[in-house]
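Dumped model-v3.tsv below, it's TSV, C-alpha atoms:
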```
chain	number	residue	atom	x	y	z
P	330	MET	CA	-7.72	-6.14	49.33
P	331	SER	CA	-5.32	-6.29	46.43
P	332	ARG	CA	-5.50	-3.94	43.52
P	333	ALA	CA	-5.43	-5.19	39.97
P	334	ARG	CA	-2.11	-4.50	38.36
P	335	PRO	CA	-2.29	-2.27	35.30
P	336	ALA	CA	-1.60	-4.02	32.03
P	337	SER	CA	2.03	-3.83	31.09
P	338	LEU	CA	2.87	-3.05	27.51
P	339	THR	CA	5.97	-4.68	26.08
P	340	LEU	CA	6.41	-2.90	22.80
P	341	ASP	CA	8.41	-5.66	21.13
P	342	GLU	CA	5.51	-8.06	21.81
P	343	PHE	CA	2.77	-5.61	20.79
P	344	LEU	CA	1.39	-6.71	17.41
P	345	PRO	CA	0.63	-3.24	15.96
P	346	TYR	CA	4.17	-2.13	16.73
P	347	ARG	CA	5.73	-5.28	15.26
P	348	LEU	CA	3.61	-5.06	12.11
P	349	SER	CA	4.51	-1.39	11.68
P	350	VAL	CA	8.24	-1.98	12.13
P	351	ALA	CA	8.22	-4.98	9.79
P	352	ALA	CA	6.22	-3.05	7.19
P	353	ASN	CA	8.61	-0.10	7.40
P	354	VAL	CA	11.73	-2.21	6.98
P	355	VAL	CA	10.29	-4.27	4.11
P	356	SER	CA	8.95	-1.11	2.43
P	357	GLN	CA	12.34	0.59	2.78
P	358	ARG	CA	14.03	-2.33	1.02
P	359	ILE	CA	11.51	-2.40	-1.79
P	360	ALA	CA	11.52	1.42	-2.02
P	361	ARG	CA	15.12	1.27	-3.20
P	362	VAL	CA	13.82	-0.10	-6.47
P	363	TYR	CA	11.36	2.68	-7.31
P	364	ALA	CA	12.80	5.57	-5.30
P	365	GLU	CA	16.42	5.38	-6.44
P	366	GLN	CA	15.76	4.47	-10.07
P	367	TYR	CA	12.61	6.49	-10.75
P	368	GLY	CA	12.37	9.08	-7.97
P	369	LEU	CA	8.97	7.82	-6.84
P	370	SER	CA	7.61	8.16	-3.34
P	371	THR	CA	5.96	5.18	-1.66
P	372	GLN	CA	2.54	6.75	-2.23
P	373	GLU	CA	3.27	7.35	-5.92
P	374	TRP	CA	4.49	3.78	-6.41
P	375	ARG	CA	1.37	2.41	-4.71
P	376	LEU	CA	-0.85	4.30	-7.14
P	377	ILE	CA	1.21	3.14	-10.12
P	378	ALA	CA	1.11	-0.46	-8.84
P	379	VAL	CA	-2.68	-0.41	-8.34
P	380	LEU	CA	-3.32	1.24	-11.71
P	381	GLY	CA	-0.89	-1.18	-13.36
P	382	GLU	CA	-2.68	-4.15	-11.85
P	383	ASP	CA	-6.30	-2.94	-11.88
P	384	GLY	CA	-6.45	-0.45	-14.74
P	385	GLU	CA	-8.36	2.83	-14.62
P	386	ARG	CA	-9.71	3.75	-11.18
P	387	THR	CA	-11.23	6.72	-9.38
P	388	GLN	CA	-9.29	8.43	-6.64
P	389	LEU	CA	-11.83	7.06	-4.14
P	390	ASP	CA	-11.13	3.53	-5.47
P	391	LEU	CA	-7.43	4.17	-4.86
P	392	VAL	CA	-8.10	5.40	-1.31
P	393	ARG	CA	-10.01	2.21	-0.57
P	394	ARG	CA	-7.55	-0.14	-2.28
P	395	THR	CA	-4.38	1.35	-0.77
P	396	ARG	CA	-5.86	2.25	2.65
P	397	MET	CA	-4.21	5.64	2.24
P	398	GLU	CA	-5.93	8.89	3.23
P	399	LYS	CA	-7.53	11.08	0.55
P	400	VAL	CA	-4.95	13.88	0.74
P	401	PRO	CA	-1.85	11.69	0.12
P	402	VAL	CA	-3.66	9.95	-2.75
P	403	SER	CA	-4.58	13.30	-4.28
P	404	ARG	CA	-1.04	14.66	-3.89
P	405	ALA	CA	0.53	11.52	-5.35
P	406	ALA	CA	-1.93	11.58	-8.27
P	407	ARG	CA	-1.13	15.23	-9.01
P	408	ALA	CA	2.62	14.57	-8.83
P	409	LEU	CA	2.32	11.59	-11.17
P	410	GLU	CA	0.18	13.61	-13.56
P	411	GLU	CA	2.76	16.43	-13.58
P	412	ARG	CA	5.44	13.88	-14.46
P	413	GLY	CA	3.33	12.48	-17.28
P	414	LEU	CA	2.94	9.07	-15.64
P	415	VAL	CA	-0.78	9.25	-14.89
P	416	ARG	CA	-3.71	10.71	-16.76
P	417	ARG	CA	-6.52	12.23	-14.65
P	418	ALA	CA	-9.91	12.83	-16.23
P	419	ARG	CA	-13.28	13.83	-14.84
P	420	SER	CA	-15.63	10.94	-14.28
P	421	GLU	CA	-18.58	10.86	-16.68
P	422	ARG	CA	-20.87	9.80	-13.82
P	423	ASP	CA	-19.66	12.27	-11.16
P	424	ALA	CA	-18.10	15.60	-12.14
P	425	ARG	CA	-16.43	15.84	-8.69
P	426	SER	CA	-14.63	12.54	-9.17
P	427	ARG	CA	-11.42	11.95	-11.11
P	428	ARG	CA	-10.56	8.76	-12.98
P	429	LEU	CA	-6.89	7.90	-13.16
P	430	SER	CA	-5.02	5.68	-15.57
P	431	LEU	CA	-1.39	5.08	-16.44
P	432	THR	CA	0.08	6.82	-19.46
P	433	ALA	CA	2.46	4.87	-21.71
P	434	ALA	CA	5.37	6.24	-19.65
P	435	GLY	CA	3.65	5.19	-16.41
P	436	ARG	CA	3.00	1.72	-17.83
P	437	ARG	CA	6.71	1.38	-18.79
P	438	ILE	CA	7.76	2.24	-15.22
P	439	TYR	CA	5.24	-0.25	-13.82
P	440	GLU	CA	6.55	-2.97	-16.16
P	441	ARG	CA	10.14	-2.28	-15.08
P	442	VAL	CA	9.59	-1.81	-11.36
P	443	ALA	CA	7.08	-4.62	-10.71
P	444	PRO	CA	9.55	-7.46	-11.46
P	445	ALA	CA	12.27	-5.73	-9.43
P	446	ALA	CA	9.81	-5.21	-6.53
P	447	LEU	CA	8.89	-8.90	-6.67
P	448	SER	CA	12.57	-9.79	-6.61
P	449	ALA	CA	13.12	-7.56	-3.57
P	450	GLU	CA	10.11	-9.19	-1.89
P	451	ALA	CA	11.58	-12.63	-2.58
P	452	GLU	CA	14.86	-11.50	-1.07
P	453	VAL	CA	13.10	-10.33	2.11
P	454	LEU	CA	11.16	-13.60	2.35
P	455	SER	CA	14.11	-15.82	1.41
P	456	GLU	CA	14.51	-17.30	4.90
P	457	LEU	CA	10.92	-18.57	4.92
P	458	GLU	CA	9.89	-21.86	3.37
P	459	PRO	CA	7.10	-21.67	0.77
P	460	ALA	CA	4.61	-23.13	3.26
P	461	GLU	CA	5.63	-20.50	5.84
P	462	ARG	CA	5.11	-17.74	3.26
P	463	ALA	CA	1.61	-19.06	2.56
P	464	VAL	CA	0.81	-19.19	6.29
P	465	LEU	CA	2.18	-15.66	6.77
P	466	ARG	CA	0.01	-14.30	3.95
P	467	SER	CA	-3.04	-16.13	5.28
P	468	LEU	CA	-2.51	-14.84	8.82
P	469	LEU	CA	-1.95	-11.27	7.64
P	470	GLU	CA	-5.15	-11.42	5.55
P	471	ARG	CA	-7.11	-12.68	8.57
P	472	VAL	CA	-5.69	-10.00	10.87
P	473	GLU	CA	-6.47	-7.30	8.28
P	474	ARG	CA	-10.00	-8.62	7.74
P	475	THR	CA	-10.71	-8.76	11.48
P	476	ALA	CA	-9.24	-5.32	12.13
P	477	SER	CA	-11.30	-3.87	9.25
P	478	ARG	CA	-14.46	-5.42	10.64
P	479	VAL	CA	-13.76	-4.12	14.15
P	480	LEU	CA	-12.92	-0.69	12.79
P	481	LYS	CA	-16.30	-0.50	11.03
P	482	GLN	CA	-18.05	-1.40	14.30
P	483	ASP	CA	-16.41	1.33	16.38
P	484	PRO	CA	-18.24	4.67	16.52
```
Rewrite the structure from the file as structure tokens, please.
Amino acid sequence: MSRARPASLTLDEFLPYRLSVAANVVSQRIARVYAEQYGLSTQEWRLIAVLGEDGERTQLDLVRRTRMEKVPVSRAARALEERGLVRRARSERDARSRRLSLTAAGRRIYERVAPAALSAEAEVLSELEPAERAVLRSLLERVERTASRVLKQDP
């Protein structure tokens, strides 16, 4: 009787590993824009980007939107508030909740960094045809949607 062979993991073919490596390299390239020029961490830039795009949000909204944990969101929000880039105020509906919005200085950074971040993104994607970029985005959205659904099903 033959035994089943254990599954062999080839890391370079393992999707979570490849996505993580690709995300890290792309993020490092784009981080040059906001880290070197404005001294922002990745977490801080994500909050600025979401607030710049969406407007005022609660910290819980930011956790959901960025898929970051509560503690890094809270730390980034405090750091941005200390630098005068974000305003935090108690929510009128829930005294435990904080609503965040960009200050004028935070808005100026968003308006300067966003175009440079888009340019860095274009540089990273420059070897893909427009149709390939669209397919890549579509596939990533489907993988994220499926993974989110499966994650909600697991105990």
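The list of residues within 12 Å of (0.7, 14.0, -14.5), counted using only C-alpha atoms, is Glu373, Ile377, Ser403, Arg404, Ala405, Ala406, Arg407, Ala408, Leu409, Glu410, Glu411, Arg412, Gly413, Leu414, Val415, Arg416, Arg417, Ala418, Leu429, Ser430, Leu431, Thr432, Ala433, Ala434 and Gly435 of chain P.
Restricting the calculation to all atoms listed in the file, the smallest distance between Ser356 in chain P and any of P:Thr395, P:Thr371, P:Ser448, P:Thr387 is found for P:Thr371.
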Item checked: Non-local contacts of Ala378 in chain P (12 Å; all atoms listed in the file; under 5 positions in same chain excluded) as a PyMOL selection string -> chain P and resi 363+369+371-373+383-386+391+394-395+414-415+430-431+435-444+446-447
Those selected residues, please, written with C-alpha atoms and delivered as a short mmCIF file (atom, residue, chain, number, x, y, z; two decimals), in the frame of the given file.
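To be explicit, this is the file written out as part02.cif:
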```cif
data_model
loop_
_atom_site.label_atom_id
_atom_site.label_comp_id
_atom_site.auth_asym_id
_atom_site.auth_seq_id
_atom_site.Cartn_x
_atom_site.Cartn_y
_atom_site.Cartn_z
CA TYR P 363 11.36 2.68 -7.31
CA LEU P 369 8.97 7.82 -6.84
CA THR P 371 5.96 5.18 -1.66
CA GLN P 372 2.54 6.75 -2.23
CA GLU P 373 3.27 7.35 -5.92
CA ASP P 383 -6.30 -2.94 -11.88
CA GLY P 384 -6.45 -0.45 -14.74
CA GLU P 385 -8.36 2.83 -14.62
CA ARG P 386 -9.71 3.75 -11.18
CA LEU P 391 -7.43 4.17 -4.86
CA ARG P 394 -7.55 -0.14 -2.28
CA THR P 395 -4.38 1.35 -0.77
CA LEU P 414 2.94 9.07 -15.64
CA VAL P 415 -0.78 9.25 -14.89
CA SER P 430 -5.02 5.68 -15.57
CA LEU P 431 -1.39 5.08 -16.44
CA GLY P 435 3.65 5.19 -16.41
CA ARG P 436 3.00 1.72 -17.83
CA ARG P 437 6.71 1.38 -18.79
CA ILE P 438 7.76 2.24 -15.22
CA TYR P 439 5.24 -0.25 -13.82
CA GLU P 440 6.55 -2.97 -16.16
CA ARG P 441 10.14 -2.28 -15.08
CA VAL P 442 9.59 -1.81 -11.36
CA ALA P 443 7.08 -4.62 -10.71
CA PRO P 444 9.55 -7.46 -11.46
CA ALA P 446 9.81 -5.21 -6.53
CA LEU P 447 8.89 -8.90 -6.67
#
```
Note to self: What's the separation between CA of Leu468 in chain P and CA of Ala352 in chain P, in Å to one decimal place?
What the structure shows: 14.8 Å
Notebook entry, point to check: Which of these residues is nearest to Ala451 in chain P, using all atoms listed in the file: P:Glu342, P:Arg478, P:Val355, P:Val350?
Noted result: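 Looking only at the distances to Ala451 in chain P, the closest residue turns out to be P:Val355.
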Notebook entry, point to check: How many Å lie between CA of Gln482 in chain P and CA of Leu469 in chain P, rounded to one decimal?
Noted result: 20.0 Å
Box dimensions and centre (Å, one decimal) enclosing range 391-396 of chain P, axis-aligned, 4 Å extra per side, as JSON:
```
{"center_x": -7.2, "center_y": 2.6, "center_z": -1.1, "size_x": 13.6, "size_y": 13.5, "size_z": 15.5}
```
Item checked: Interatomic distance, CA of Arg462 in chain P to CA of Thr339 in chain P (Å, one decimal) -> 26.3 Å
Next item on the list: Using all atoms listed in the file, find the one residue out of P:Glu473, P:Glu450, P:Asp341, P:Glu398 that sits nearest to Gln357 in chain P.
Entry: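 Ranking P:Glu473, P:Glu450, P:Asp341, P:Glu398 by distance to Gln357 in chain P, first place goes to P:Glu450.
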Notebook entry, point to check: Of the candidates P:Val402, P:Ala445, P:Ala476, P:Ala364, which one gets nearest to Val379 in chain P if we count all atoms listed in the file?
Noted result: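 Ranked by minimum distance to Val379 in chain P, first place goes to P:Val402.
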Atoms added to range 415-445 of chain P (N, CA and C atoms), reported as a PDB file, in the coordinates of the input:
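Now in part09.pdb:
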```pdb
ATOM      1  N   VAL P 415       0.630   9.540 -15.123  1.00  0.00           N
ATOM      2  CA  VAL P 415      -0.780   9.250 -14.890  1.00  0.00           C
ATOM      3  C   VAL P 415      -1.619  10.293 -15.608  1.00  0.00           C
ATOM      4  N   ARG P 416      -2.733   9.831 -16.116  1.00  0.00           N
ATOM      5  CA  ARG P 416      -3.710  10.710 -16.760  1.00  0.00           C
ATOM      6  C   ARG P 416      -4.902  10.805 -15.812  1.00  0.00           C
ATOM      7  N   ARG P 417      -5.324  12.037 -15.492  1.00  0.00           N
ATOM      8  CA  ARG P 417      -6.520  12.230 -14.650  1.00  0.00           C
ATOM      9  C   ARG P 417      -7.598  12.871 -15.511  1.00  0.00           C
ATOM     10  N   ALA P 418      -8.786  12.300 -15.453  1.00  0.00           N
ATOM     11  CA  ALA P 418      -9.910  12.830 -16.230  1.00  0.00           C
ATOM     12  C   ALA P 418     -11.149  12.851 -15.341  1.00  0.00           C
ATOM     13  N   ARG P 419     -12.027  13.778 -15.599  1.00  0.00           N
ATOM     14  CA  ARG P 419     -13.280  13.830 -14.840  1.00  0.00           C
ATOM     15  C   ARG P 419     -14.105  12.589 -15.146  1.00  0.00           C
ATOM     16  N   SER P 420     -14.753  12.097 -14.115  1.00  0.00           N
ATOM     17  CA  SER P 420     -15.630  10.940 -14.280  1.00  0.00           C
ATOM     18  C   SER P 420     -16.881  11.381 -15.031  1.00  0.00           C
ATOM     19  N   GLU P 421     -17.358  10.547 -15.940  1.00  0.00           N
ATOM     20  CA  GLU P 421     -18.580  10.860 -16.680  1.00  0.00           C
ATOM     21  C   GLU P 421     -19.796  10.798 -15.770  1.00  0.00           C
ATOM     22  N   ARG P 422     -19.739   9.966 -14.734  1.00  0.00           N
ATOM     23  CA  ARG P 422     -20.870   9.800 -13.820  1.00  0.00           C
ATOM     24  C   ARG P 422     -20.915  10.848 -12.714  1.00  0.00           C
ATOM     25  N   ASP P 423     -19.728  11.333 -12.282  1.00  0.00           N
ATOM     26  CA  ASP P 423     -19.660  12.270 -11.160  1.00  0.00           C
ATOM     27  C   ASP P 423     -18.597  13.312 -11.470  1.00  0.00           C
ATOM     28  N   ALA P 424     -19.023  14.537 -11.731  1.00  0.00           N
ATOM     29  CA  ALA P 424     -18.100  15.600 -12.140  1.00  0.00           C
ATOM     30  C   ALA P 424     -17.075  15.922 -11.046  1.00  0.00           C
ATOM     31  N   ARG P 425     -17.380  15.581  -9.788  1.00  0.00           N
ATOM     32  CA  ARG P 425     -16.430  15.840  -8.690  1.00  0.00           C
ATOM     33  C   ARG P 425     -15.340  14.791  -8.634  1.00  0.00           C
ATOM     34  N   SER P 426     -15.563  13.663  -9.238  1.00  0.00           N
ATOM     35  CA  SER P 426     -14.630  12.540  -9.170  1.00  0.00           C
ATOM     36  C   SER P 426     -13.648  12.564 -10.326  1.00  0.00           C
ATOM     37  N   ARG P 427     -12.460  12.060 -10.069  1.00  0.00           N
ATOM     38  CA  ARG P 427     -11.420  11.950 -11.110  1.00  0.00           C
ATOM     39  C   ARG P 427     -11.111  10.480 -11.341  1.00  0.00           C
ATOM     40  N   ARG P 428     -10.968  10.119 -12.607  1.00  0.00           N
ATOM     41  CA  ARG P 428     -10.560   8.760 -12.980  1.00  0.00           C
ATOM     42  C   ARG P 428      -9.093   8.840 -13.385  1.00  0.00           C
ATOM     43  N   LEU P 429      -8.322   7.910 -12.876  1.00  0.00           N
ATOM     44  CA  LEU P 429      -6.890   7.900 -13.160  1.00  0.00           C
ATOM     45  C   LEU P 429      -6.520   6.647 -13.937  1.00  0.00           C
ATOM     46  N   SER P 430      -5.557   6.809 -14.823  1.00  0.00           N
ATOM     47  CA  SER P 430      -5.020   5.680 -15.570  1.00  0.00           C
ATOM     48  C   SER P 430      -3.552   5.967 -15.872  1.00  0.00           C
ATOM     49  N   LEU P 431      -2.801   4.915 -16.103  1.00  0.00           N
ATOM     50  CA  LEU P 431      -1.390   5.080 -16.440  1.00  0.00           C
ATOM     51  C   LEU P 431      -1.250   5.561 -17.875  1.00  0.00           C
ATOM     52  N   THR P 432      -0.303   6.454 -18.097  1.00  0.00           N
ATOM     53  CA  THR P 432       0.080   6.820 -19.460  1.00  0.00           C
ATOM     54  C   THR P 432       1.044   5.734 -19.950  1.00  0.00           C
ATOM     55  N   ALA P 433       1.473   5.834 -21.183  1.00  0.00           N
ATOM     56  CA  ALA P 433       2.460   4.870 -21.710  1.00  0.00           C
ATOM     57  C   ALA P 433       3.739   4.915 -20.877  1.00  0.00           C
ATOM     58  N   ALA P 434       4.155   6.110 -20.480  1.00  0.00           N
ATOM     59  CA  ALA P 434       5.370   6.240 -19.650  1.00  0.00           C
ATOM     60  C   ALA P 434       5.149   5.616 -18.281  1.00  0.00           C
ATOM     61  N   GLY P 435       3.976   5.803 -17.696  1.00  0.00           N
ATOM     62  CA  GLY P 435       3.650   5.190 -16.410  1.00  0.00           C
ATOM     63  C   GLY P 435       3.617   3.678 -16.510  1.00  0.00           C
ATOM     64  N   ARG P 436       3.067   3.166 -17.600  1.00  0.00           N
ATOM     65  CA  ARG P 436       3.000   1.720 -17.830  1.00  0.00           C
ATOM     66  C   ARG P 436       4.415   1.141 -17.949  1.00  0.00           C
ATOM     67  N   ARG P 437       5.322   1.855 -18.651  1.00  0.00           N
ATOM     68  CA  ARG P 437       6.710   1.380 -18.790  1.00  0.00           C
ATOM     69  C   ARG P 437       7.388   1.286 -17.416  1.00  0.00           C
ATOM     70  N   ILE P 438       7.162   2.287 -16.563  1.00  0.00           N
ATOM     71  CA  ILE P 438       7.760   2.240 -15.220  1.00  0.00           C
ATOM     72  C   ILE P 438       7.182   1.063 -14.445  1.00  0.00           C
ATOM     73  N   TYR P 439       5.868   0.881 -14.511  1.00  0.00           N
ATOM     74  CA  TYR P 439       5.240  -0.250 -13.820  1.00  0.00           C
ATOM     75  C   TYR P 439       5.864  -1.568 -14.295  1.00  0.00           C
ATOM     76  N   GLU P 440       6.020  -1.722 -15.603  1.00  0.00           N
ATOM     77  CA  GLU P 440       6.550  -2.970 -16.160  1.00  0.00           C
ATOM     78  C   GLU P 440       8.013  -3.203 -15.798  1.00  0.00           C
ATOM     79  N   ARG P 441       8.747  -2.141 -15.505  1.00  0.00           N
ATOM     80  CA  ARG P 441      10.140  -2.280 -15.080  1.00  0.00           C
ATOM     81  C   ARG P 441      10.258  -2.498 -13.576  1.00  0.00           C
ATOM     82  N   VAL P 442       9.454  -1.764 -12.822  1.00  0.00           N
ATOM     83  CA  VAL P 442       9.590  -1.810 -11.360  1.00  0.00           C
ATOM     84  C   VAL P 442       8.936  -3.055 -10.769  1.00  0.00           C
ATOM     85  N   ALA P 443       7.800  -3.478 -11.303  1.00  0.00           N
ATOM     86  CA  ALA P 443       7.080  -4.620 -10.710  1.00  0.00           C
ATOM     87  C   ALA P 443       7.965  -5.861 -10.585  1.00  0.00           C
ATOM     88  N   PRO P 444       8.685  -6.283 -11.624  1.00  0.00           N
ATOM     89  CA  PRO P 444       9.550  -7.460 -11.460  1.00  0.00           C
ATOM     90  C   PRO P 444      10.662  -7.236 -10.433  1.00  0.00           C
ATOM     91  N   ALA P 445      11.219  -6.030 -10.402  1.00  0.00           N
ATOM     92  CA  ALA P 445      12.270  -5.730  -9.430  1.00  0.00           C
ATOM     93  C   ALA P 445      11.702  -5.714  -8.008  1.00  0.00           C
TER      94      ALA P 445
END
```
